[in-house]
file model-v3.cif (mmCIF, C-alpha atoms)
data_entry
loop_
_atom_site.label_atom_id
_atom_site.label_comp_id
_atom_site.auth_asym_id
_atom_site.auth_seq_id
_atom_site.Cartn_x
_atom_site.Cartn_y
_atom_site.Cartn_z
CA MET T 1 0.00 0.00 0.00
CA SER T 2 1.49 3.25 -1.04
CA VAL T 3 0.74 6.54 0.61
CA GLY T 4 0.84 9.62 -1.56
CA LEU T 5 2.62 12.67 -0.31
CA ALA T 6 0.60 15.80 0.33
CA GLU T 7 1.09 18.82 -1.86
CA PRO T 8 3.73 21.09 -0.33
CA VAL T 9 2.30 24.10 1.41
CA LYS T 10 3.13 27.34 -0.32
CA ALA T 11 5.07 29.67 1.94
CA LEU T 12 3.33 32.93 2.75
CA ASP T 13 4.70 35.93 0.92
CA MET T 14 4.78 38.52 3.68
CA ARG T 15 4.99 41.32 1.15
CA GLU T 16 1.69 40.19 -0.37
CA VAL T 17 0.13 39.92 3.10
CA GLU T 18 1.32 43.40 4.01
CA ALA T 19 0.02 44.80 0.72
CA ASP T 20 -3.38 43.17 1.25
CA THR T 21 -3.49 44.52 4.80
CA GLN T 22 -2.67 48.03 3.67
CA THR T 23 -5.36 47.81 0.98
CA ALA T 24 -7.92 46.70 3.54
CA LEU T 25 -6.89 49.44 5.96
CA ALA T 26 -7.08 52.03 3.21
CA ALA T 27 -10.57 50.86 2.29
CA ALA T 28 -11.66 50.95 5.94
CA SER T 29 -10.14 54.39 6.37
CA SER T 30 -11.92 55.62 3.25
CA GLU T 31 -15.20 54.25 4.57
CA ALA T 32 -14.63 55.79 7.99
CA SER T 33 -13.60 59.29 6.95
CA PHE T 34 -15.81 61.64 4.98
CA THR T 35 -16.57 65.26 5.79
CA PHE T 36 -19.27 67.53 4.44
CA LYS T 37 -20.57 70.97 5.36
CA VAL T 38 -24.11 71.77 6.46
CA LEU T 39 -25.96 75.07 6.77
CA THR T 40 -29.30 75.78 8.44
CA VAL T 41 -31.28 79.02 8.19
CA ASN T 42 -34.86 80.19 8.61
CA ILE T 43 -35.29 82.39 5.52
CA HIS T 44 -38.57 84.06 6.61
CA LYS T 45 -40.16 83.47 3.18
CA GLY T 46 -37.49 85.63 1.54
CA PHE T 47 -38.37 88.85 3.38
CA THR T 48 -36.44 91.01 5.80
CA PHE T 49 -37.50 91.48 9.41
CA PHE T 50 -41.10 92.78 9.63
CA ASN T 51 -41.53 91.90 5.91
CA ARG T 52 -40.23 95.31 4.85
CA LYS T 53 -38.34 94.15 1.77
CA PHE T 54 -38.16 91.06 -0.44
CA ILE T 55 -34.49 90.00 -0.58
CA LEU T 56 -34.46 86.40 -1.84
CA PRO T 57 -31.96 87.09 -4.69
CA GLU T 58 -29.51 88.61 -2.20
CA LEU T 59 -30.14 85.73 0.19
CA ARG T 60 -29.31 83.25 -2.58
CA GLU T 61 -25.87 84.80 -3.04
CA ALA T 62 -25.23 84.68 0.72
CA VAL T 63 -26.24 81.01 0.91
CA ARG T 64 -23.96 80.19 -2.01
CA SER T 65 -21.02 81.93 -0.35
CA VAL T 66 -21.05 79.48 2.57
CA GLY T 67 -20.09 76.54 0.34
CA ALA T 68 -22.36 74.07 2.13
CA ASP T 69 -22.96 70.60 0.72
CA VAL T 70 -26.35 70.23 2.41
CA VAL T 71 -28.64 73.17 3.25
CA PHE T 72 -31.56 73.00 5.68
CA LEU T 73 -34.15 75.74 5.07
CA GLN T 74 -37.20 76.73 7.07
CA GLU T 75 -40.08 79.02 6.06
CA VAL T 76 -39.53 78.47 2.35
CA THR T 77 -42.26 79.69 0.00
CA GLY T 78 -43.43 77.03 -2.43
CA ASN T 79 -45.96 79.26 -4.13
CA HIS T 80 -47.66 82.65 -3.69
CA VAL T 81 -50.04 83.90 -6.37
CA LYS T 82 -50.02 87.60 -5.41
CA HIS T 83 -46.41 88.40 -4.48
CA GLY T 84 -45.32 88.18 -8.11
CA ASP T 85 -47.50 91.22 -8.90
CA ARG T 86 -46.16 93.22 -5.96
CA PHE T 87 -42.41 92.52 -6.20
CA ASP T 88 -40.42 92.75 -9.43
CA ASN T 89 -37.74 90.36 -8.19
CA PHE T 90 -40.17 87.66 -7.00
CA PRO T 91 -39.20 84.44 -8.88
CA GLU T 92 -41.76 82.40 -10.77
CA ALA T 93 -40.16 79.15 -9.62
CA PRO T 94 -40.64 77.80 -6.09
CA HIS T 95 -38.14 79.46 -3.80
CA TYR T 96 -36.25 76.25 -3.00
CA GLU T 97 -35.63 75.77 -6.74
CA PHE T 98 -34.54 79.39 -7.10
CA LEU T 99 -32.10 79.00 -4.21
CA ALA T 100 -30.76 75.65 -5.40
CA ASP T 101 -30.20 76.89 -8.98
CA THR T 102 -27.17 75.03 -10.42
CA ILE T 103 -25.32 74.65 -7.12
CA TRP T 104 -27.47 71.97 -5.45
CA PRO T 105 -28.84 69.55 -8.07
CA GLN T 106 -30.93 67.65 -5.51
CA MET T 107 -33.76 69.19 -3.48
CA ALA T 108 -36.77 68.21 -1.42
CA TYR T 109 -39.66 70.35 -0.19
CA GLY T 110 -42.15 69.67 2.57
CA ARG T 111 -45.30 71.79 2.36
CA ASN T 112 -46.56 72.62 5.84
CA ALA T 113 -48.62 75.84 5.92
CA VAL T 114 -51.28 76.17 3.21
CA TYR T 115 -53.30 79.38 2.80
CA THR T 116 -55.47 81.11 0.22
CA ASN T 117 -52.63 82.57 -1.83
CA GLY T 118 -50.01 79.85 -1.51
CA HIS T 119 -47.99 77.69 0.85
CA HIS T 120 -44.62 77.41 2.60
CA GLY T 121 -42.63 74.79 4.50
CA ASN T 122 -39.17 73.26 4.91
CA ALA T 123 -36.64 72.37 2.22
CA VAL T 124 -33.35 70.50 1.91
CA LEU T 125 -30.84 71.30 -0.84
CA SER T 126 -28.13 68.71 -1.45
CA LYS T 127 -25.09 68.10 -3.61
CA PHE T 128 -25.58 64.39 -2.89
CA PRO T 129 -28.38 62.26 -4.34
CA ILE T 130 -31.60 62.32 -2.31
CA VAL T 131 -32.74 58.72 -2.74
CA ARG T 132 -35.90 59.11 -0.65
CA PHE T 133 -37.75 61.81 1.25
CA GLU T 134 -40.87 62.19 3.34
CA ASN T 135 -42.54 65.16 4.99
CA ARG T 136 -43.82 63.92 8.35
CA ASP T 137 -46.80 65.93 9.63
CA VAL T 138 -46.22 66.77 13.31
CA SER T 139 -48.94 69.42 13.64
CA ILE T 140 -50.73 69.22 17.00
CA SER T 141 -53.78 71.49 16.93
CA GLY T 142 -54.87 74.95 15.87
CA PRO T 143 -53.58 76.93 12.89
CA GLU T 144 -49.87 76.08 13.32
CA ARG T 145 -48.84 73.47 10.74
CA ARG T 146 -45.47 71.82 11.29
CA GLY T 147 -43.49 69.06 9.60
CA LEU T 148 -40.29 67.04 9.79
CA LEU T 149 -38.74 66.83 6.32
CA HIS T 150 -36.75 63.58 6.32
CA CYS T 151 -34.31 63.00 3.44
CA GLU T 152 -32.06 60.00 2.84
CA LEU T 153 -28.78 61.04 1.21
CA GLN T 154 -26.48 58.74 -0.74
CA ILE T 155 -22.89 59.70 -0.03
CA PRO T 156 -20.31 58.58 -2.64
CA GLY T 157 -18.29 55.59 -1.50
CA ARG T 158 -20.36 55.02 1.64
CA SER T 159 -22.26 51.81 2.34
CA VAL T 160 -24.75 53.47 4.71
CA ASN T 161 -26.86 56.48 3.72
CA VAL T 162 -27.02 59.69 5.74
CA HIS T 163 -30.41 60.74 7.10
CA ALA T 164 -31.03 64.51 7.08
CA ILE T 165 -34.07 65.88 8.93
CA CYS T 166 -35.11 69.52 8.56
CA VAL T 167 -37.08 70.77 11.56
CA HIS T 168 -39.29 73.74 12.40
CA LEU T 169 -41.08 73.15 15.69
CA GLY T 170 -44.10 74.93 17.15
CA LEU T 171 -44.26 78.10 19.21
CA MET T 172 -46.15 76.48 22.11
CA GLU T 173 -44.07 74.48 24.57
CA THR T 174 -46.67 71.71 24.90
CA HIS T 175 -46.64 71.31 21.11
CA ARG T 176 -42.84 71.25 20.98
CA ALA T 177 -42.69 68.54 23.63
CA GLN T 178 -44.92 66.27 21.57
CA GLN T 179 -43.08 67.13 18.34
CA MET T 180 -39.71 66.33 19.90
CA GLN T 181 -41.09 62.97 20.99
CA MET T 182 -42.22 62.32 17.41
CA LEU T 183 -38.70 63.19 16.24
CA CYS T 184 -37.20 60.79 18.79
CA ASP T 185 -39.56 58.03 17.67
CA LEU T 186 -38.59 58.56 14.04
CA VAL T 187 -34.84 58.47 14.70
CA ARG T 188 -34.90 55.65 17.25
CA ASN T 189 -37.47 53.33 15.70
CA GLU T 190 -37.37 53.93 11.94
CA LEU T 191 -33.74 54.65 11.04
CA PRO T 192 -30.96 52.03 10.96
CA PRO T 193 -29.07 52.17 14.28
CA GLN T 194 -25.70 52.53 12.50
CA ALA T 195 -26.86 55.28 10.12
CA PRO T 196 -25.43 58.81 10.46
CA VAL T 197 -28.16 61.36 11.24
CA VAL T 198 -28.14 65.16 10.98
CA VAL T 199 -31.13 67.07 12.38
CA ALA T 200 -31.12 70.83 11.84
CA GLY T 201 -33.49 73.76 11.88
CA ASP T 202 -35.51 76.16 14.00
CA PHE T 203 -36.53 74.42 17.23
CA ASN T 204 -38.12 77.49 18.90
CA ASP T 205 -36.70 75.93 22.07
CA TRP T 206 -36.10 79.05 24.14
CA ARG T 207 -36.33 77.01 27.37
CA HIS T 208 -33.49 74.69 26.22
CA ARG T 209 -35.47 71.51 26.80
CA ALA T 210 -34.52 69.78 23.53
CA HIS T 211 -30.95 68.78 24.43
CA ASP T 212 -31.84 66.29 27.17
CA VAL T 213 -34.95 65.03 25.36
CA LEU T 214 -33.14 64.31 22.09
CA GLN T 215 -30.03 62.88 23.72
CA THR T 216 -32.00 60.52 25.94
CA GLY T 217 -34.65 59.63 23.38
CA ALA T 218 -32.59 59.41 20.18
CA ASP T 219 -28.88 59.71 21.08
CA LEU T 220 -28.73 63.06 19.26
CA HIS T 221 -26.07 65.56 20.33
CA GLU T 222 -26.09 69.29 19.55
CA VAL T 223 -22.88 70.46 17.85
CA PHE T 224 -22.54 73.83 19.61
CA VAL T 225 -23.27 72.27 23.01
CA LYS T 226 -20.60 69.66 22.27
CA ALA T 227 -18.05 72.31 21.22
CA ASN T 228 -18.89 75.23 23.51
CA GLY T 229 -21.07 73.89 26.31
CA LYS T 230 -24.22 75.68 25.14
CA ALA T 231 -26.31 76.24 22.04
CA ALA T 232 -25.65 79.28 19.84
CA ARG T 233 -27.60 82.52 20.12
CA THR T 234 -29.46 83.05 16.87
CA PHE T 235 -32.55 85.22 17.41
CA PRO T 236 -33.12 88.02 16.61
CA ALA T 237 -30.29 88.05 14.10
CA ARG T 238 -29.30 91.70 14.61
CA MET T 239 -28.75 91.19 18.35
CA PRO T 240 -29.10 87.47 19.12
CA VAL T 241 -30.44 86.59 22.56
CA LEU T 242 -32.41 83.36 22.15
CA ARG T 243 -30.83 79.99 21.26
CA LEU T 244 -33.51 78.77 18.85
CA ASP T 245 -31.63 77.19 15.94
CA ARG T 246 -29.74 73.92 16.30
CA ILE T 247 -27.73 71.20 14.56
CA TYR T 248 -27.91 67.75 16.15
CA VAL T 249 -25.98 64.67 15.02
CA ARG T 250 -25.89 60.93 15.68
CA ASN T 251 -23.12 58.56 14.54
CA ALA T 252 -21.15 61.57 13.32
CA ILE T 253 -18.54 64.03 14.57
CA SER T 254 -18.96 67.77 14.24
CA HIS T 255 -16.13 70.24 13.64
CA ALA T 256 -15.91 74.03 13.79
CA PRO T 257 -19.59 74.94 14.28
CA VAL T 258 -20.08 78.66 13.60
CA VAL T 259 -22.78 81.30 13.73
CA LEU T 260 -22.46 83.16 10.46
CA PRO T 261 -21.45 86.83 10.76
CA LEU T 262 -23.80 89.80 11.09
CA ARG T 263 -22.85 91.05 7.64
CA PRO T 264 -24.57 90.31 5.40
CA TRP T 265 -26.85 87.94 7.31
CA SER T 266 -28.40 90.25 9.89
CA HIS T 267 -30.60 91.96 7.28
CA LEU T 268 -31.34 88.80 5.27
CA SER T 269 -33.27 86.91 7.95
CA ASP T 270 -34.55 87.32 11.48
CA HIS T 271 -32.57 84.17 12.42
CA ALA T 272 -28.77 83.94 12.32
CA PRO T 273 -27.68 80.95 10.20
CA LEU T 274 -25.55 78.11 11.59
CA ALA T 275 -22.93 76.04 9.79
CA ALA T 276 -20.75 73.07 10.74
CA GLU T 277 -18.47 70.43 9.27
CA ILE T 278 -19.82 66.91 9.77
CA GLU T 279 -17.41 63.96 9.73
CA LEU T 280 -18.72 60.44 9.22
#
call {"tool": "encode", "arguments": {"input": "model-v3.cif", "output": "structure tokens"}}
result
Amino acid sequence: MSVGLAEPVKALDMREVEADTQTALAAASSEASFTFKVLTVNIHKGFTFFNRKFILPELREAVRSVGADVVFLQEVTGNHVKHGDRFDNFPEAPHYEFLADTIWPQMAYGRNAVYTNGHHGNAVLSKFPIVRFENRDVSISGPERRGLLHCELQIPGRSVNVHAICVHLGLMETHRAQQMQMLCDLVRNELPPQAPVVVAGDFNDWRHRAHDVLQTGADLHEVFVKANGKAARTFPARMPVLRLDRIYVRNAISHAPVVLPLRPWSHLSDHAPLAAEIEL
């Protein structure tokens, strides 16, 4: 009986192993490191404080100058049948399309307030593909209509999409409490636990209740609180006192959050805009 010899085992080429390891590390590093810039601003339907002047064209130039990849807008006019007759510079297109122009090829609009002459709501402008969006109605009662505009963004080279939620909460504290709970339910129960999330907008949270609620209920952290220990003062823009506007993140790191300067912003909106770099 003869016994055949086994095939000799090929010796490991450590150079090949090292090259494969470096390739894998490079791929992991690429997956783990991506930074984009976000901006949030309540544009007050394109009018200055007290609706004295329509300044949307000037506002568009200011928004462009920030160089944001994703823009969160509140109080965006979708349509108004009478303003076009009153103001020569009132665009025929919906204001989110006018603002996006050729800079942000992707956009989503959530209509919240509907009235006789038109409607307005929230909008997200994005340089990344918006693969899905939904405007979640979080109105409680009475004439105030509010929504959470939830967009799913496809980031190049990333296996998990980013979820961007544009927020404009109610003026009444009891309404805000319920709306924040709806936001927590959305983030905690409906989004993948590993997915990066950016929530930005006008929270009207002058009592500063949102931080604990959103951190406990949805693991969301506010970028200015993380960097400076407190939210940024944003209202009124000319002399900010109240900390109403926020940027919250989950599964992401924020860098260099800033309140944009008084010039030119203080006469473009009653809210000071916020910007930050978000690292995934």
call {"tool": "atom_distance", "arguments": {"input": "model-v3.cif", "atom1": "atom CA of T:Asp137", "atom2": "atom CA of T:Glu277"}}
result
28.7 Å
call {"tool": "resolve_selection", "arguments": {"input": "model-v3.cif", "expression": "the PyMOL selection byres ((chain T and resi 197) around 8)", "output": "PyMOL selection string"}}
result
chain T and resi 162-165+195-196+198-199+249-252
call {"tool": "closest_residue", "arguments": {"input": "model-v3.cif", "among": "T:Thr102, T:Asn79, T:Gln194, T:Ser141", "to": "T:Ser159", "atoms": "only C-alpha atoms"}}
result
T:Gln194
call {"tool": "residues_near_point", "arguments": {"input": "model-v3.cif", "point": "(-24.0, 89.8, 8.2)", "cutoff": "10 Å", "atoms": "all atoms listed in the file", "output": "list in words"}}
result
Ala62, Ala237, Arg238, Leu260, Pro261, Leu262, Arg263, Pro264, Trp265, Ser266, His267, Leu268, Ser269, Ala272 and Pro273 of chain T
call {"tool": "atom_distance", "arguments": {"input": "model-v3.cif", "atom1": "atom CA of T:Arg132", "atom2": "atom CA of T:Glu61"}}
result
27.7 Å
call {"tool": "resolve_selection", "arguments": {"input": "model-v3.cif", "expression": "the PyMOL selection byres ((chain T and resi 107) around 10)", "output": "PyMOL selection string"}}
result
chain T and resi 70-71+96-97+99-100+104-106+108-109+123-130+133+151
call {"tool": "write_last_selection", "arguments": {"input": "model-v3.cif", "atoms": "C-alpha atoms", "output": "PDB file, in the frame of the given file"}}
result
ATOM      1  CA  VAL T  70     -26.350  70.230   2.410  1.00  0.00           C
ATOM      2  CA  VAL T  71     -28.640  73.170   3.250  1.00  0.00           C
ATOM      3  CA  TYR T  96     -36.250  76.250  -3.000  1.00  0.00           C
ATOM      4  CA  GLU T  97     -35.630  75.770  -6.740  1.00  0.00           C
ATOM      5  CA  LEU T  99     -32.100  79.000  -4.210  1.00  0.00           C
ATOM      6  CA  ALA T 100     -30.760  75.650  -5.400  1.00  0.00           C
ATOM      7  CA  TRP T 104     -27.470  71.970  -5.450  1.00  0.00           C
ATOM      8  CA  PRO T 105     -28.840  69.550  -8.070  1.00  0.00           C
ATOM      9  CA  GLN T 106     -30.930  67.650  -5.510  1.00  0.00           C
ATOM     10  CA  ALA T 108     -36.770  68.210  -1.420  1.00  0.00           C
ATOM     11  CA  TYR T 109     -39.660  70.350  -0.190  1.00  0.00           C
ATOM     12  CA  ALA T 123     -36.640  72.370   2.220  1.00  0.00           C
ATOM     13  CA  VAL T 124     -33.350  70.500   1.910  1.00  0.00           C
ATOM     14  CA  LEU T 125     -30.840  71.300  -0.840  1.00  0.00           C
ATOM     15  CA  SER T 126     -28.130  68.710  -1.450  1.00  0.00           C
ATOM     16  CA  LYS T 127     -25.090  68.100  -3.610  1.00  0.00           C
ATOM     17  CA  PHE T 128     -25.580  64.390  -2.890  1.00  0.00           C
ATOM     18  CA  PRO T 129     -28.380  62.260  -4.340  1.00  0.00           C
ATOM     19  CA  ILE T 130     -31.600  62.320  -2.310  1.00  0.00           C
ATOM     20  CA  PHE T 133     -37.750  61.810   1.250  1.00  0.00           C
ATOM     21  CA  CYS T 151     -34.310  63.000   3.440  1.00  0.00           C
TER      22      CYS T 151
END
call {"tool": "residues_around", "arguments": {"input": "model-v3.cif", "residues": "T:Thr174", "least_positions_apart": "6", "cutoff": "12 Å", "atoms": "only C-alpha atoms", "output": "VMD selection string"}}
result
chain T and resid 139 to 141 180 to 181 204 to 205 207 209
call {"tool": "write_last_selection", "arguments": {"input": "model-v3.cif", "atoms": "C-alpha atoms", "output": "PDB file, in the frame of the given file"}}
result
ATOM      1  CA  SER T 139     -48.940  69.420  13.640  1.00  0.00           C
ATOM      2  CA  ILE T 140     -50.730  69.220  17.000  1.00  0.00           C
ATOM      3  CA  SER T 141     -53.780  71.490  16.930  1.00  0.00           C
ATOM      4  CA  MET T 180     -39.710  66.330  19.900  1.00  0.00           C
ATOM      5  CA  GLN T 181     -41.090  62.970  20.990  1.00  0.00           C
ATOM      6  CA  ASN T 204     -38.120  77.490  18.900  1.00  0.00           C
ATOM      7  CA  ASP T 205     -36.700  75.930  22.070  1.00  0.00           C
ATOM      8  CA  ARG T 207     -36.330  77.010  27.370  1.00  0.00           C
ATOM      9  CA  ARG T 209     -35.470  71.510  26.800  1.00  0.00           C
TER      10      ARG T 209
END
